[in-house]
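Visitor: Take this structure first; my questions come after.
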Amino acid sequence: MRETIATILADTEEHSEAARQGLIVARREVEHYIAKDPYFALTFEPYEVKTDLQTVRRMSEAAKFAGVGPMAAVAAAIAWAGVEEMVKAGATFGLIDNGGDIAFITDREIRVGIHAGDAELSNRLAFTIPPGEGICGICTSSATVGHSFSFGIADSVTVFSPNPACADAWATSICNRITIEERDLLTHLPLKGVTGVFIILGGVSISYGRLPRIIRADVDEDLITGGLF
């Protein structure tokens, strides 16, 4: 649906359709809000909103904590809404990968591969995510991969949080600032709501907080969510 190009994993067609409807409704909410308040889509700074639109509020709140513009959280916020609809339809497993920003709920172990462009560690590692309760987010930002604007140099910054919008906003914020020389940056940030961070800078990796087990993997690039532009 225009810029929203997502991969949906589901056990049933009913759950998949619920995800699609959730994505569509959430995206339309954001579009309608931007039509009334275009600055929301343009600013790189936190921006408070007064609205009953849940996805828009989540974006604004996550951006406030991470010190970025609300659009930094748009992909995961929309994916989050889709997974919520899956849960309402009875799903205990469901995953939406919205261009590298993932919202999910799982009753089984899943593996999430790490793609970091041409970096030495790209496509060689994966996170093993255990089953758990509630919806969570795994969001990745990159200065070298994809179409999103970044002020940074990191090949990938992956953030884990029980709040998918928060994971998305912090991934962008950290990616904008992290460098080899400032690899201790994470210890100085107020990473509210973040459980773990994994960064790839060329052949170097940086870990912070509680991360899922990382294993060697042969990541299939054909599984990466993307589209033709």
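All residue names refer to the structure tokens as shown: chains lettered A, B, ... in order, residues numbered from 1 in each chain, ligands numbered from 1 in order.
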Could you produce a table of the residues of range 169-197 of chain A lying within 12 Å of range 114-138 of chain A, with the nearest pair of atoms per residue and their separation in Å rounded to one decimal, using only C-alpha atoms, ordered by chain and increasing residue number, as CSV?
Guide:
```
residue,atom,partner,partner_atom,distance
A:Ala169,CA,A:Gly137,CA,11.0
A:Trp170,CA,A:Ile138,CA,10.8
A:Ala171,CA,A:Ile138,CA,9.3
A:Gly193,CA,A:Gly137,CA,10.8
A:Val194,CA,A:Gly137,CA,9.8
A:Thr195,CA,A:Gly137,CA,10.3
A:Gly196,CA,A:Ile138,CA,9.6
A:Val197,CA,A:Ile138,CA,9.6
```
Visitor: Store the residues of this selection in a file with C-alpha atoms, as a PDB file, in the first residue's frame.
Guide:
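As written to disk, part-v8.pdb reads:
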```
ATOM      1  CA  ALA A 169      12.328   5.583  17.149  1.00  0.00           C
ATOM      2  CA  TRP A 170      15.362   4.559  19.204  1.00  0.00           C
ATOM      3  CA  ALA A 171      16.850   2.605  16.290  1.00  0.00           C
ATOM      4  CA  GLY A 193      11.542   1.147  27.195  1.00  0.00           C
ATOM      5  CA  VAL A 194      14.534  -0.476  25.444  1.00  0.00           C
ATOM      6  CA  THR A 195      15.624  -3.966  26.502  1.00  0.00           C
ATOM      7  CA  GLY A 196      18.578  -4.436  24.150  1.00  0.00           C
ATOM      8  CA  VAL A 197      20.558  -2.964  21.248  1.00  0.00           C
TER       9      VAL A 197
END
```
Visitor: Looking only at strand (DSSP E) from DSSP on the backbone, list the matching residues of chain A as a ChimeraX atom specification.
Guide: /A:6-10,94-98,101-105,110-113,125-129,136-141,156-161,196-201,204-209,213-216
Visitor: From the options A:Ala66, A:Ile34, A:Ala103, A:Cys139, which residue's atoms come nearest to Thr51 in chain A, counting only C-alpha atoms?
Guide: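 Among the listed residues, A:Ile34 lies closest to Thr51 in chain A.
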Visitor: Can you check which parts of range 55-125 of chain A lie within 10 Å of range 14-28 of chain A? Per residue, the shortest pair of atoms and distance in Å to one decimal, counting only C-alpha atoms, sorted by chain and number, as CSV.
Guide:
```
residue,atom,partner,partner_atom,distance
A:Thr55,CA,A:Ala26,CA,6.2
A:Val56,CA,A:Ala26,CA,8.6
A:Val74,CA,A:Arg27,CA,8.7
A:Ala75,CA,A:Arg27,CA,9.2
A:Ala77,CA,A:Ala26,CA,8.1
A:Ile78,CA,A:Ala26,CA,5.5
A:Ala79,CA,A:Leu23,CA,6.3
A:Trp80,CA,A:Leu23,CA,8.4
A:Ala81,CA,A:Gly22,CA,5.5
A:Gly82,CA,A:Gly22,CA,4.0
A:Val83,CA,A:Ala19,CA,5.9
A:Glu84,CA,A:Gly22,CA,7.6
A:Glu85,CA,A:Ala18,CA,5.4
A:Met86,CA,A:His15,CA,5.1
A:Val87,CA,A:His15,CA,8.0
A:Lys88,CA,A:Ala18,CA,8.3
A:Ala89,CA,A:His15,CA,6.2
A:Gly90,CA,A:His15,CA,7.6
A:Ala91,CA,A:His15,CA,6.4
A:Thr92,CA,A:His15,CA,9.8
A:Phe93,CA,A:His15,CA,9.1
A:Gly94,CA,A:His15,CA,7.7
A:Leu95,CA,A:Ala19,CA,8.9
A:Ile96,CA,A:Ala19,CA,7.8
A:Asn98,CA,A:Leu23,CA,9.6
```
Visitor: Can you work out which one of A:Ala143, A:Ile105, A:Ile5, A:Met71 has the shortest atom-to-atom distance to Met59 in chain A, counting only C-alpha atoms?
Guide: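 Among the listed residues, A:Met71 lies closest to Met59 in chain A.
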Visitor: Using only C-alpha atoms, which protein or nucleic acid residues come within 12 Å of Tyr39 in chain A? Drop anything in the same chain fewer than 4 positions from it, and give the result as a PyMOL selection string.
Guide: chain A and resi 33-35+43-49+69-71
Visitor: In Å, rounded to a single decimal, give me how far CA of Leu186 in chain A is from CA of Phe40 in chain A.
Guide: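 We find that CA of Phe40 in chain A and CA of Leu186 in chain A lie 27.2 Å from each other.
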